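The data block below is work_30.txt; it holds compact mmCIF, C-alpha atoms.
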# COMPACT_ATOMS: atom_id res chain seq x y z
CA MET A 1 -5.84 61.33 -57.84
CA SER A 2 -5.09 64.61 -59.58
CA ARG A 3 -2.91 65.63 -62.50
CA THR A 4 -1.49 68.78 -60.91
CA GLY A 5 -3.25 69.51 -57.63
CA ALA A 6 -2.56 68.26 -54.12
CA SER A 7 -3.77 64.72 -53.62
CA THR A 8 -3.18 61.69 -51.44
CA LEU A 9 -1.77 59.87 -54.48
CA GLY A 10 -0.60 61.90 -57.45
CA THR A 11 -0.35 60.89 -61.10
CA HIS A 12 3.38 60.10 -60.99
CA GLU A 13 3.05 58.13 -57.75
CA PHE A 14 0.13 56.13 -59.14
CA MET A 15 1.98 55.28 -62.36
CA ALA A 16 5.09 54.31 -60.38
CA LEU A 17 2.94 51.99 -58.25
CA CYS A 18 1.47 50.34 -61.37
CA GLU A 19 4.97 49.79 -62.74
CA LEU A 20 6.14 48.24 -59.44
CA LEU A 21 3.14 45.90 -59.38
CA GLY A 22 3.30 45.09 -63.09
CA ALA A 23 -0.33 46.22 -63.30
CA GLU A 24 -2.20 47.82 -66.20
CA PRO A 25 -3.27 51.35 -65.16
CA TYR A 26 -6.90 52.41 -65.40
CA ILE A 27 -7.62 56.12 -65.00
CA SER A 28 -11.08 57.62 -64.70
CA GLY A 29 -11.71 61.29 -65.36
CA ASN A 30 -14.34 63.35 -63.58
CA VAL A 31 -17.03 64.65 -65.91
CA GLY A 32 -19.11 66.02 -63.03
CA SER A 33 -16.54 68.33 -61.47
CA GLY A 34 -13.78 68.39 -64.11
CA THR A 35 -13.69 69.99 -67.55
CA VAL A 36 -13.19 68.57 -71.04
CA GLN A 37 -9.91 70.49 -71.29
CA GLU A 38 -8.62 69.03 -68.02
CA MET A 39 -9.28 65.46 -69.11
CA SER A 40 -7.85 66.04 -72.60
CA GLU A 41 -4.71 67.53 -71.09
CA TRP A 42 -4.42 64.66 -68.60
CA VAL A 43 -4.39 62.15 -71.47
CA GLU A 44 -1.81 64.29 -73.28
CA TYR A 45 0.31 64.72 -70.13
CA LEU A 46 0.55 60.98 -69.62
CA THR A 47 0.76 59.58 -73.15
CA ARG A 48 2.11 62.14 -75.62
CA ASP A 49 5.67 62.21 -76.92
CA GLY A 50 7.38 65.05 -78.79
CA ASP A 51 6.74 68.61 -77.71
CA SER A 52 3.68 70.34 -76.25
CA PRO A 53 2.89 72.31 -73.09
CA MET A 54 1.75 69.12 -71.32
CA VAL A 55 4.84 67.18 -72.42
CA ARG A 56 7.06 69.98 -71.15
CA LEU A 57 5.20 69.98 -67.83
CA ARG A 58 5.61 66.21 -67.46
CA LYS A 59 9.32 66.49 -68.16
CA ALA A 60 9.63 69.34 -65.68
CA ASN A 61 8.01 67.01 -63.12
CA GLY A 62 10.69 64.39 -63.73
CA ARG A 63 9.33 62.05 -66.43
CA ASP A 64 10.82 62.28 -69.91
CA GLU A 65 9.17 59.30 -71.62
CA PRO A 66 5.39 59.04 -71.98
CA TRP A 67 3.52 56.24 -70.22
CA ARG A 68 1.26 53.76 -71.95
CA VAL A 69 -2.25 54.13 -70.54
CA LYS A 70 -4.91 52.34 -72.58
CA TYR A 71 -7.89 52.30 -70.24
CA TRP A 72 -9.68 55.59 -69.57
CA GLY A 73 -12.98 55.90 -67.76
CA ILE A 74 -15.23 58.64 -69.11
CA GLY A 75 -16.81 59.73 -65.85
CA ASN A 76 -16.71 58.22 -62.37
CA GLU A 77 -19.21 60.49 -60.67
CA THR A 78 -22.29 60.57 -62.87
CA TRP A 79 -24.50 59.52 -59.97
CA GLY A 80 -24.56 59.92 -56.20
CA CYS A 81 -22.40 62.69 -54.78
CA GLY A 82 -20.92 63.54 -58.17
CA GLY A 83 -24.02 64.98 -59.77
CA ASN A 84 -27.07 62.68 -59.88
CA MET A 85 -27.07 62.97 -63.66
CA ARG A 86 -29.86 61.80 -65.93
CA ALA A 87 -28.77 59.09 -68.37
CA GLU A 88 -29.42 61.38 -71.36
CA TYR A 89 -27.16 64.09 -69.93
CA SER A 90 -24.47 61.59 -68.99
CA ALA A 91 -24.52 60.21 -72.55
CA ASP A 92 -24.00 63.68 -74.01
CA LEU A 93 -21.06 64.22 -71.67
CA ALA A 94 -19.57 60.83 -72.55
CA ARG A 95 -19.63 61.72 -76.26
CA GLN A 96 -18.13 65.15 -75.62
CA TYR A 97 -15.32 64.00 -73.34
CA ALA A 98 -14.49 60.92 -75.42
CA THR A 99 -14.06 63.11 -78.51
CA TYR A 100 -11.24 65.03 -76.84
CA CYS A 101 -9.55 62.00 -75.27
CA ARG A 102 -7.23 61.48 -78.21
CA ASP A 103 -4.79 58.74 -79.17
CA HIS A 104 -1.23 60.02 -79.03
CA GLY A 105 1.34 58.11 -81.05
CA ASP A 106 0.82 54.38 -80.75
CA ASN A 107 -1.02 54.66 -77.41
CA LYS A 108 -4.54 53.60 -78.45
CA LEU A 109 -7.26 54.39 -75.91
CA TYR A 110 -10.16 52.30 -74.68
CA ARG A 111 -12.81 54.86 -73.68
CA ILE A 112 -15.03 53.30 -71.00
CA ALA A 113 -18.35 54.90 -70.03
CA SER A 114 -19.45 55.12 -66.41
CA GLY A 115 -22.54 53.11 -65.54
CA ALA A 116 -25.40 53.57 -63.11
CA SER A 117 -25.07 53.16 -59.34
CA ASP A 118 -27.05 49.90 -59.34
CA ALA A 119 -28.67 47.41 -61.71
CA ASP A 120 -30.61 50.10 -63.55
CA TYR A 121 -31.05 48.59 -67.02
CA LYS A 122 -33.03 51.56 -68.36
CA TRP A 123 -30.24 53.94 -67.38
CA THR A 124 -27.66 51.77 -69.13
CA GLU A 125 -29.85 51.33 -72.20
CA THR A 126 -30.27 55.09 -72.58
CA LEU A 127 -26.55 55.70 -72.14
CA MET A 128 -25.62 53.11 -74.76
CA GLN A 129 -28.25 54.30 -77.23
CA GLN A 130 -27.20 57.91 -77.01
CA SER A 131 -23.43 57.51 -76.82
CA TYR A 132 -22.56 54.20 -78.49
CA GLY A 133 -25.13 53.80 -81.25
CA ARG A 134 -27.99 51.73 -82.41
CA LEU A 135 -26.33 48.33 -82.81
CA ALA A 136 -24.84 48.38 -79.30
CA THR A 137 -28.26 49.25 -77.87
CA ALA A 138 -29.86 46.39 -79.79
CA ILE A 139 -27.22 43.96 -78.49
CA ILE A 140 -27.93 45.01 -74.90
CA ALA A 141 -31.67 44.49 -75.42
CA ALA A 142 -31.14 41.08 -77.03
CA ALA A 143 -28.76 40.01 -74.25
CA GLU A 144 -31.34 40.90 -71.60
CA GLY A 145 -33.66 38.34 -73.18
CA HIS A 146 -31.04 35.67 -72.45
CA GLY A 147 -30.40 36.93 -68.92
CA LEU A 148 -26.94 38.17 -69.94
CA ARG A 149 -25.17 41.37 -68.93
CA VAL A 150 -23.12 43.32 -71.46
CA SER A 151 -19.80 45.11 -71.05
CA ILE A 152 -18.76 47.27 -74.01
CA GLU A 153 -15.19 48.23 -74.85
CA GLN A 154 -14.38 50.71 -77.61
CA THR A 155 -11.50 49.64 -79.83
CA GLY A 156 -11.38 52.74 -82.01
CA ALA A 157 -11.21 50.72 -85.28
CA SER A 158 -7.70 49.72 -84.23
CA ARG A 159 -6.37 46.27 -85.14
CA GLU A 160 -4.12 46.30 -82.08
CA ASN A 161 -7.04 47.07 -79.77
CA GLU A 162 -9.23 44.39 -81.35
CA LEU A 163 -6.48 41.80 -80.89
CA ASP A 164 -6.04 42.96 -77.28
CA VAL A 165 -9.74 42.36 -76.63
CA LEU A 166 -9.45 38.85 -78.08
CA SER A 167 -6.46 37.98 -75.93
CA MET A 168 -7.71 39.58 -72.71
CA SER A 169 -11.43 38.72 -72.65
CA ARG A 170 -10.90 35.38 -70.88
CA ASN A 171 -8.70 37.09 -68.29
CA ARG A 172 -11.49 39.59 -67.60
CA LEU A 173 -13.87 36.70 -66.84
CA TYR A 174 -16.17 37.34 -69.78
CA ASP A 175 -18.18 34.29 -70.84
CA GLY A 176 -18.24 35.25 -74.51
CA LEU A 177 -17.34 38.03 -76.93
CA ILE A 178 -19.12 39.83 -79.77
CA LEU A 179 -16.35 41.60 -81.68
CA SER A 180 -16.83 44.21 -84.40
CA THR A 181 -13.85 43.68 -86.69
CA VAL A 182 -12.84 46.94 -88.34
CA GLY A 183 -9.05 46.92 -88.02
CA MET A 184 -8.57 43.16 -88.22
CA GLY A 185 -8.63 41.48 -91.61
CA ALA A 186 -8.32 38.14 -93.39
CA ALA A 187 -4.69 37.80 -92.30
CA ASP A 188 -5.85 37.66 -88.66
CA VAL A 189 -8.18 34.66 -89.02
CA GLU A 190 -5.93 32.37 -86.97
CA ARG A 191 -6.07 34.84 -84.07
CA LEU A 192 -9.80 34.09 -83.75
CA LYS A 193 -9.05 30.54 -82.57
CA VAL A 194 -9.54 31.17 -78.86
CA ASP A 195 -10.86 28.94 -76.06
CA TYR A 196 -14.13 30.80 -75.46
CA PRO A 197 -17.18 31.62 -77.65
CA VAL A 198 -16.78 34.49 -80.13
CA VAL A 199 -19.13 36.01 -82.70
CA ILE A 200 -17.72 38.60 -85.09
CA LEU A 201 -19.56 41.47 -86.74
CA GLY A 202 -18.52 43.32 -89.85
CA GLU A 203 -17.23 43.02 -93.37
CA ARG A 204 -13.55 42.33 -92.95
CA ILE A 205 -13.46 38.58 -92.24
CA PHE A 206 -15.57 35.90 -93.95
CA GLY A 207 -15.25 32.13 -93.62
CA GLY A 208 -13.37 32.30 -90.31
CA PRO A 209 -13.38 29.83 -87.41
CA VAL A 210 -16.18 31.63 -85.52
CA ASP A 211 -19.79 32.64 -86.16
CA HIS A 212 -20.14 35.78 -88.27
CA VAL A 213 -22.97 38.32 -88.58
CA ALA A 214 -22.84 40.86 -91.42
CA MET A 215 -24.87 43.54 -93.15
CA PRO A 216 -26.30 42.87 -96.63
CA ASN A 217 -23.76 45.27 -98.12
CA VAL A 218 -23.67 44.06 -101.71
CA GLU A 219 -27.36 43.30 -102.26
CA ALA A 220 -28.61 46.36 -100.37
CA SER A 221 -26.27 48.69 -102.28
CA ARG A 222 -27.41 47.09 -105.51
CA ALA A 223 -31.01 47.79 -104.49
CA ALA A 224 -30.21 51.41 -103.55
CA THR A 225 -28.59 52.05 -106.93
CA ARG A 226 -31.42 50.23 -108.73
CA HIS A 227 -33.90 52.51 -106.94
CA LEU A 228 -32.13 55.56 -108.40
CA ILE A 229 -32.19 53.98 -111.86
CA GLU A 230 -35.92 53.26 -111.53
CA ARG A 231 -36.40 56.94 -110.65
CA GLY A 232 -34.83 57.92 -113.98
CA CYS A 233 -31.19 58.47 -112.99
CA ARG A 234 -28.54 57.55 -115.55
CA ARG A 235 -25.41 59.37 -114.31
CA ILE A 236 -25.14 58.06 -110.75
CA ALA A 237 -22.16 59.00 -108.60
CA MET A 238 -21.07 56.89 -105.65
CA VAL A 239 -19.58 58.63 -102.60
CA CYS A 240 -17.60 56.21 -100.45
CA GLY A 241 -14.41 55.64 -98.49
CA PRO A 242 -11.07 54.57 -99.99
CA LEU A 243 -11.24 51.64 -102.41
CA GLY A 244 -8.31 49.25 -102.17
CA ASP A 245 -7.55 45.55 -102.15
CA GLU A 246 -9.02 45.03 -98.67
CA VAL A 247 -12.59 43.82 -98.24
CA ASP A 248 -14.49 46.48 -96.31
CA VAL A 249 -17.73 48.48 -96.27
CA SER A 250 -16.75 50.70 -99.19
CA SER A 251 -15.52 47.89 -101.44
CA LEU A 252 -18.59 45.73 -100.82
CA ARG A 253 -21.02 48.60 -101.36
CA PHE A 254 -19.15 49.61 -104.51
CA THR A 255 -19.61 46.05 -105.77
CA GLY A 256 -23.38 46.38 -105.33
CA TYR A 257 -23.38 49.79 -107.04
CA ARG A 258 -21.40 48.41 -109.95
CA GLN A 259 -23.64 45.37 -110.33
CA ALA A 260 -26.78 47.52 -110.49
CA LEU A 261 -25.29 49.69 -113.24
CA LEU A 262 -24.27 46.65 -115.27
CA ASP A 263 -27.69 45.05 -114.74
CA ALA A 264 -29.26 48.17 -116.28
CA GLY A 265 -26.81 48.32 -119.16
CA LEU A 266 -25.22 51.51 -117.85
CA PRO A 267 -21.47 52.17 -118.01
CA VAL A 268 -19.34 52.15 -114.85
CA ASP A 269 -17.64 55.54 -115.22
CA PRO A 270 -14.57 55.88 -112.93
CA ALA A 271 -15.15 59.63 -112.80
CA LEU A 272 -18.43 58.98 -110.97
CA VAL A 273 -16.76 56.98 -108.18
CA GLN A 274 -15.93 59.59 -105.56
CA SER A 275 -13.81 58.01 -102.80
CA MET A 276 -12.81 60.01 -99.73
CA ASP A 277 -10.58 59.46 -96.71
CA ALA A 278 -13.22 60.43 -94.16
CA PHE A 279 -16.79 59.14 -93.61
CA THR A 280 -17.99 62.53 -92.36
CA MET A 281 -20.69 65.06 -93.19
CA ARG A 282 -18.05 67.74 -93.76
CA ALA A 283 -16.19 65.56 -96.26
CA GLY A 284 -19.45 64.68 -98.02
CA ALA A 285 -20.47 68.33 -98.33
CA ARG A 286 -17.06 69.29 -99.67
CA ARG A 287 -17.10 66.50 -102.25
CA ALA A 288 -20.62 67.43 -103.44
CA ARG A 289 -19.53 71.04 -103.98
CA GLU A 290 -16.42 69.85 -105.83
CA MET A 291 -18.48 67.64 -108.14
CA VAL A 292 -20.75 70.54 -109.04
CA GLU A 293 -17.91 73.04 -109.44
CA SER A 294 -15.97 70.64 -111.69
CA GLY A 295 -18.96 70.33 -114.02
CA LEU A 296 -19.34 66.57 -113.41
CA ASP A 297 -22.62 65.50 -115.01
CA ILE A 298 -24.68 63.65 -112.37
CA ASP A 299 -28.36 63.11 -111.74
CA GLY A 300 -28.12 60.72 -108.80
CA VAL A 301 -25.81 59.99 -105.84
CA PHE A 302 -25.53 56.78 -103.84
CA CYS A 303 -23.65 57.39 -100.57
CA ALA A 304 -22.01 54.53 -98.68
CA THR A 305 -23.33 55.91 -95.37
CA ASP A 306 -26.09 58.23 -94.24
CA THR A 307 -23.47 60.46 -92.62
CA MET A 308 -21.87 61.06 -96.01
CA ALA A 309 -25.30 61.53 -97.58
CA MET A 310 -26.23 64.25 -95.08
CA GLY A 311 -23.10 66.12 -96.08
CA VAL A 312 -23.86 65.61 -99.78
CA LEU A 313 -27.34 67.11 -99.30
CA ARG A 314 -25.78 70.16 -97.65
CA GLY A 315 -23.12 70.52 -100.34
CA LEU A 316 -25.64 70.29 -103.18
CA ALA A 317 -27.84 72.88 -101.48
CA ASP A 318 -24.86 75.20 -101.07
CA ALA A 319 -24.13 74.81 -104.78
CA GLY A 320 -27.72 75.64 -105.72
CA VAL A 321 -28.60 72.11 -106.89
CA ALA A 322 -32.17 71.03 -106.12
CA VAL A 323 -32.78 67.64 -104.51
CA PRO A 324 -34.60 65.63 -105.80
CA GLY A 325 -35.45 67.87 -108.77
CA GLN A 326 -31.96 67.92 -110.34
CA VAL A 327 -30.11 65.24 -108.39
CA LYS A 328 -31.54 62.37 -106.34
CA VAL A 329 -29.66 61.12 -103.26
CA ILE A 330 -29.83 57.89 -101.28
CA GLY A 331 -27.78 56.78 -98.28
CA PHE A 332 -27.22 53.63 -96.25
CA ASP A 333 -27.90 52.85 -92.54
CA ASN A 334 -31.27 54.55 -91.84
CA VAL A 335 -29.92 56.56 -88.93
CA GLU A 336 -32.56 58.38 -86.93
CA GLU A 337 -31.62 61.83 -88.23
CA SER A 338 -32.22 60.81 -91.87
CA GLU A 339 -36.00 60.99 -91.40
CA PHE A 340 -35.91 64.59 -90.17
CA LEU A 341 -33.73 66.27 -92.80
CA VAL A 342 -35.14 68.64 -95.40
CA PRO A 343 -35.49 66.91 -97.76
CA SER A 344 -35.78 63.69 -95.77
CA LEU A 345 -33.17 61.14 -96.85
CA SER A 346 -33.96 57.94 -98.73
CA THR A 347 -31.78 55.18 -97.37
CA ILE A 348 -31.19 51.48 -96.74
CA ASP A 349 -32.34 50.02 -93.42
CA PRO A 350 -30.01 47.03 -92.80
CA ASP A 351 -32.05 45.70 -89.85
CA HIS A 352 -29.67 46.30 -86.95
CA ASP A 353 -32.12 44.63 -84.57
CA ALA A 354 -32.00 41.35 -86.50
CA MET A 355 -28.19 41.42 -86.60
CA ALA A 356 -27.96 42.08 -82.87
CA GLN A 357 -30.49 39.37 -82.05
CA ARG A 358 -28.75 36.77 -84.20
CA ALA A 359 -25.31 37.65 -82.82
CA VAL A 360 -26.52 37.29 -79.23
CA ASP A 361 -28.48 34.09 -80.02
CA LEU A 362 -25.39 32.50 -81.59
CA LEU A 363 -23.16 33.52 -78.70
CA ALA A 364 -25.66 32.34 -76.08
CA ASP A 365 -25.95 28.94 -77.81
CA ARG A 366 -22.18 28.50 -77.79
CA MET A 367 -21.97 29.55 -74.14
CA GLU A 368 -24.83 27.37 -72.90
CA ARG A 369 -24.15 24.20 -74.88
CA ASP A 370 -20.38 24.43 -75.40
CA GLU A 371 -20.97 23.91 -79.13
CA ARG A 372 -17.51 24.81 -80.29
CA GLY A 373 -17.46 21.72 -82.50
CA ARG A 374 -20.52 22.84 -84.43
CA ASP A 375 -20.01 24.33 -87.89
CA GLN A 376 -19.70 28.10 -87.90
CA GLU A 377 -22.63 30.14 -89.17
CA GLU A 378 -22.51 33.07 -91.60
CA PHE A 379 -25.60 35.25 -91.11
CA VAL A 380 -26.43 38.18 -93.41
CA SER A 381 -29.35 40.35 -92.34
CA SER A 382 -32.27 41.42 -94.51
CA TYR A 383 -32.74 45.02 -95.65
CA THR A 384 -35.39 47.52 -96.67
CA VAL A 385 -35.20 50.39 -99.16
CA VAL A 386 -36.68 53.34 -97.27
CA VAL A 387 -38.02 55.81 -99.85
CA ARG A 388 -38.20 59.44 -98.75
CA GLU A 389 -38.11 62.92 -100.28
CA SER A 390 -34.47 62.92 -101.50
CA THR A 391 -35.40 60.49 -104.29
CA GLY A 392 -38.88 61.88 -104.87
CA GLY A 393 -40.69 59.56 -102.47
Just dump the structure as structure tokens.
Amino acid sequence: MSRTGASTLGTHEFMALCELLGAEPYISGNVGSGTVQEMSEWVEYLTRDGDSPMVRLRKANGRDEPWRVKYWGIGNETWGCGGNMRAEYSADLARQYATYCRDHGDNKLYRIASGASDADYKWTETLMQQSYGRLATAIIAAAEGHGLRVSIEQTGASRENELDVLSMSRNRLYDGLILSTVGMGAADVERLKVDYPVVILGERIFGGPVDHVAMPNVEASRAATRHLIERGCRRIAMVCGPLGDEVDVSSLRFTGYRQALLDAGLPVDPALVQSMDAFTMRAGARRAREMVESGLDIDGVFCATDTMAMGVLRGLADAGVAVPGQVKVIGFDNVEESEFLVPSLSTIDPDHDAMAQRAVDLLADRMERDERGRDQEEFVSSYTVVVRESTGG
């Protein structure tokens, strides 16, 4: 199937067939022979409304309204005749292509990575580790210990996509579901009452009808802030996401930050709470420069994520502020890169492996014993304060 070229079945014909059958379309882009631009434009051609070159082309080809296409395969020729790619290279491509497969309007994408040609666990493990992150990799490893196979769907932090996964998992013949709730919240608790085993991850829903595995957000953030205080800091800024009424990562980690200040008899100065819309290095660097340029008096920074902290380190360096000499910085997550920065980043290790193992153990128990009548379990992982150069370690 091809967007514009000659093909046995073209894009419009395929979408018309799906509509006739009442079927959900799944489209897989070629990362071996196609380009990032081609796949990005294909997504835009099919799903974007308004005005753009791709929208005008679609209309010229006879379709005014965009289609809804949720399921997109990132690569269908990463092995065999398509390229015989190494897992590491395929993972890099998956990240690159997925970045440019954008949501248009209310059409939220599920970006699905291509797997190996056979039951090659090592290939799959490498792909997941490099393109989907540490927790997903740990879940795959834990599942292998139970003889379970894992299928991962990206929901893009979208409530709609998370609810779709809940409603469709039984139809896809999954035996159980581990769901990271980012878009869903307390108002969606009743939607978790499904007829198959579910374990949820995250900070948005507590006390629900299913087992729940969470990070030690409050206590670990309290420990991170206390570490800065013990290193002599008294004017400690917190860099985090938006703080609102919803329970989320930023609000929980702010609670820990606040508790540590109060424990030490230090004031909670609103000017030191630096909330941002984006959890990115670029946003962190910009905010660090703004704090320095505004003359804000700080001697320590607790960042809600390591990604933000990396940006803060860059921004302070750009502003001529020495770390840890003038300002000490600590993050949260212990991502691999944090150890190799200059200065290396002090951080919180929330024990992803323990969370993954407990989530899989809980799910496997429910699946094997049909223990849906058993009381639900709330599991909060342990943590470690990892002291490195950014706080004088």
Handout entry: Between atom CA of A:Asp103 and atom CA of A:Ala87, distance in Å (one decimal)
Key =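 Interatomic distance, atom CA of A:Asp103 to atom CA of A:Ala87: 26.3 Å.
The protein and nucleic acid residues lying at most 9 Å from A:His12 are A:Arg3, A:Leu9, A:Met15, A:Ala16, A:Leu17, A:Asn61, A:Gly62, A:Arg63, with only C-alpha atoms considered and sequence neighbours fewer than 3 positions away removed.
Using all atoms listed in the file, the contacts of A:Val342 at a cut-off of 12 Å, with sequence neighbours closer than 3 positions omitted, comprise Met310, Leu313, Arg314, Ala317, Ala322, Val323, Pro324, Glu337, Ser338, Glu339, Leu345, Ser346, Arg388, Glu389 and Ser390 of chain A.
You will find atom CA of A:His352 at 8.0 Å from atom CA of A:Ser381.
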Practice task
Enter the distance from atom CA of A:Ala260 to atom CA of A:Ala319, in Å, rounded to one decimal.
Solution key: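 Distance between the two atoms: 28.0 Å.
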Practice task
Determine the nearest neighbour of A:Ala237 from the options A:Leu192, A:Met281, A:Val198, A:Ile330, counting only C-alpha atoms.
Solution key: A:Ile330
Compile the contact shell of A:Pro270 as a CSV table (one decimal) with C-alpha atoms, in the frame of the given file: residues with an atom at most 10 Å away, counting only C-alpha atoms, same-chain residues fewer than 3 positions apart removed.
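Result went into part15.csv, see below:
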chain,number,residue,atom,x,y,z
A,237,ALA,CA,-22.2,59.0,-108.6
A,238,MET,CA,-21.1,56.9,-105.6
A,267,PRO,CA,-21.5,52.2,-118.0
A,273,VAL,CA,-16.8,57.0,-108.2
A,274,GLN,CA,-15.9,59.6,-105.6
Practice task
Considering only C-alpha atoms, state which residue in the set A:Cys101, A:Glu153, A:Glu19, A:Met85 is at the smallest distance from A:Glu38.
Solution key: A:Cys101
Handout entry: Exercise: A:Arg258 partners within 7 Å, only C-alpha atoms, chain neighbours under 4 positions left out, as a ChimeraX atom specification
Key = /A:254,262,268
Stretch 97-113 of chain A from the block above: N, CA and C atoms written as a PDB file, in the first residue's frame:
ATOM      1  N   TYR A  97      11.125   7.866  14.074  1.00  0.00           N
ATOM      2  CA  TYR A  97       9.890   7.905  13.301  1.00  0.00           C
ATOM      3  C   TYR A  97       8.689   8.236  14.179  1.00  0.00           C
ATOM      4  N   ALA A  98       8.645   7.653  15.395  1.00  0.00           N
ATOM      5  CA  ALA A  98       7.514   7.896  16.285  1.00  0.00           C
ATOM      6  C   ALA A  98       7.408   9.370  16.662  1.00  0.00           C
ATOM      7  N   THR A  99       8.552  10.059  16.773  1.00  0.00           N
ATOM      8  CA  THR A  99       8.553  11.472  17.121  1.00  0.00           C
ATOM      9  C   THR A  99       7.784  12.298  16.097  1.00  0.00           C
ATOM     10  N   TYR A 100       7.904  11.916  14.826  1.00  0.00           N
ATOM     11  CA  TYR A 100       7.293  12.707  13.758  1.00  0.00           C
ATOM     12  C   TYR A 100       5.943  12.160  13.309  1.00  0.00           C
ATOM     13  N   CYS A 101       5.475  11.079  13.938  1.00  0.00           N
ATOM     14  CA  CYS A 101       4.097  10.620  13.722  1.00  0.00           C
ATOM     15  C   CYS A 101       3.239  11.348  14.746  1.00  0.00           C
ATOM     16  N   ARG A 102       2.661  12.451  14.363  1.00  0.00           N
ATOM     17  CA  ARG A 102       2.026  13.362  15.311  1.00  0.00           C
ATOM     18  C   ARG A 102       0.512  13.153  15.367  1.00  0.00           C
ATOM     19  N   ASP A 103      -0.053  13.458  16.546  1.00  0.00           N
ATOM     20  CA  ASP A 103      -1.505  13.499  16.682  1.00  0.00           C
ATOM     21  C   ASP A 103      -2.027  14.750  15.989  1.00  0.00           C
ATOM     22  N   HIS A 104      -3.034  14.587  15.173  1.00  0.00           N
ATOM     23  CA  HIS A 104      -3.676  15.731  14.526  1.00  0.00           C
ATOM     24  C   HIS A 104      -5.112  15.822  15.024  1.00  0.00           C
ATOM     25  N   GLY A 105      -5.457  16.982  15.601  1.00  0.00           N
ATOM     26  CA  GLY A 105      -6.792  17.142  16.146  1.00  0.00           C
ATOM     27  C   GLY A 105      -7.040  16.152  17.263  1.00  0.00           C
ATOM     28  N   ASP A 106      -8.214  15.511  17.219  1.00  0.00           N
ATOM     29  CA  ASP A 106      -8.538  14.533  18.257  1.00  0.00           C
ATOM     30  C   ASP A 106      -8.210  13.107  17.839  1.00  0.00           C
ATOM     31  N   ASN A 107      -7.438  12.939  16.751  1.00  0.00           N
ATOM     32  CA  ASN A 107      -7.008  11.607  16.342  1.00  0.00           C
ATOM     33  C   ASN A 107      -5.719  11.262  17.090  1.00  0.00           C
ATOM     34  N   LYS A 108      -5.846  10.485  18.172  1.00  0.00           N
ATOM     35  CA  LYS A 108      -4.709  10.136  19.010  1.00  0.00           C
ATOM     36  C   LYS A 108      -4.102   8.818  18.519  1.00  0.00           C
ATOM     37  N   LEU A 109      -2.800   8.808  18.305  1.00  0.00           N
ATOM     38  CA  LEU A 109      -2.132   7.651  17.710  1.00  0.00           C
ATOM     39  C   LEU A 109      -1.648   6.651  18.756  1.00  0.00           C
ATOM     40  N   TYR A 110      -1.740   5.370  18.399  1.00  0.00           N
ATOM     41  CA  TYR A 110      -1.022   4.309  19.078  1.00  0.00           C
ATOM     42  C   TYR A 110       0.164   3.963  18.176  1.00  0.00           C
ATOM     43  N   ARG A 111       1.380   4.208  18.660  1.00  0.00           N
ATOM     44  CA  ARG A 111       2.573   3.939  17.867  1.00  0.00           C
ATOM     45  C   ARG A 111       3.114   2.564  18.254  1.00  0.00           C
ATOM     46  N   ILE A 112       3.108   1.627  17.326  1.00  0.00           N
ATOM     47  CA  ILE A 112       3.386   0.223  17.627  1.00  0.00           C
ATOM     48  C   ILE A 112       4.696  -0.186  16.961  1.00  0.00           C
ATOM     49  N   ALA A 113       5.670  -0.623  17.755  1.00  0.00           N
ATOM     50  CA  ALA A 113       6.977  -0.989  17.228  1.00  0.00           C
ATOM     51  C   ALA A 113       6.917  -2.356  16.555  1.00  0.00           C
TER      52      ALA A 113
END
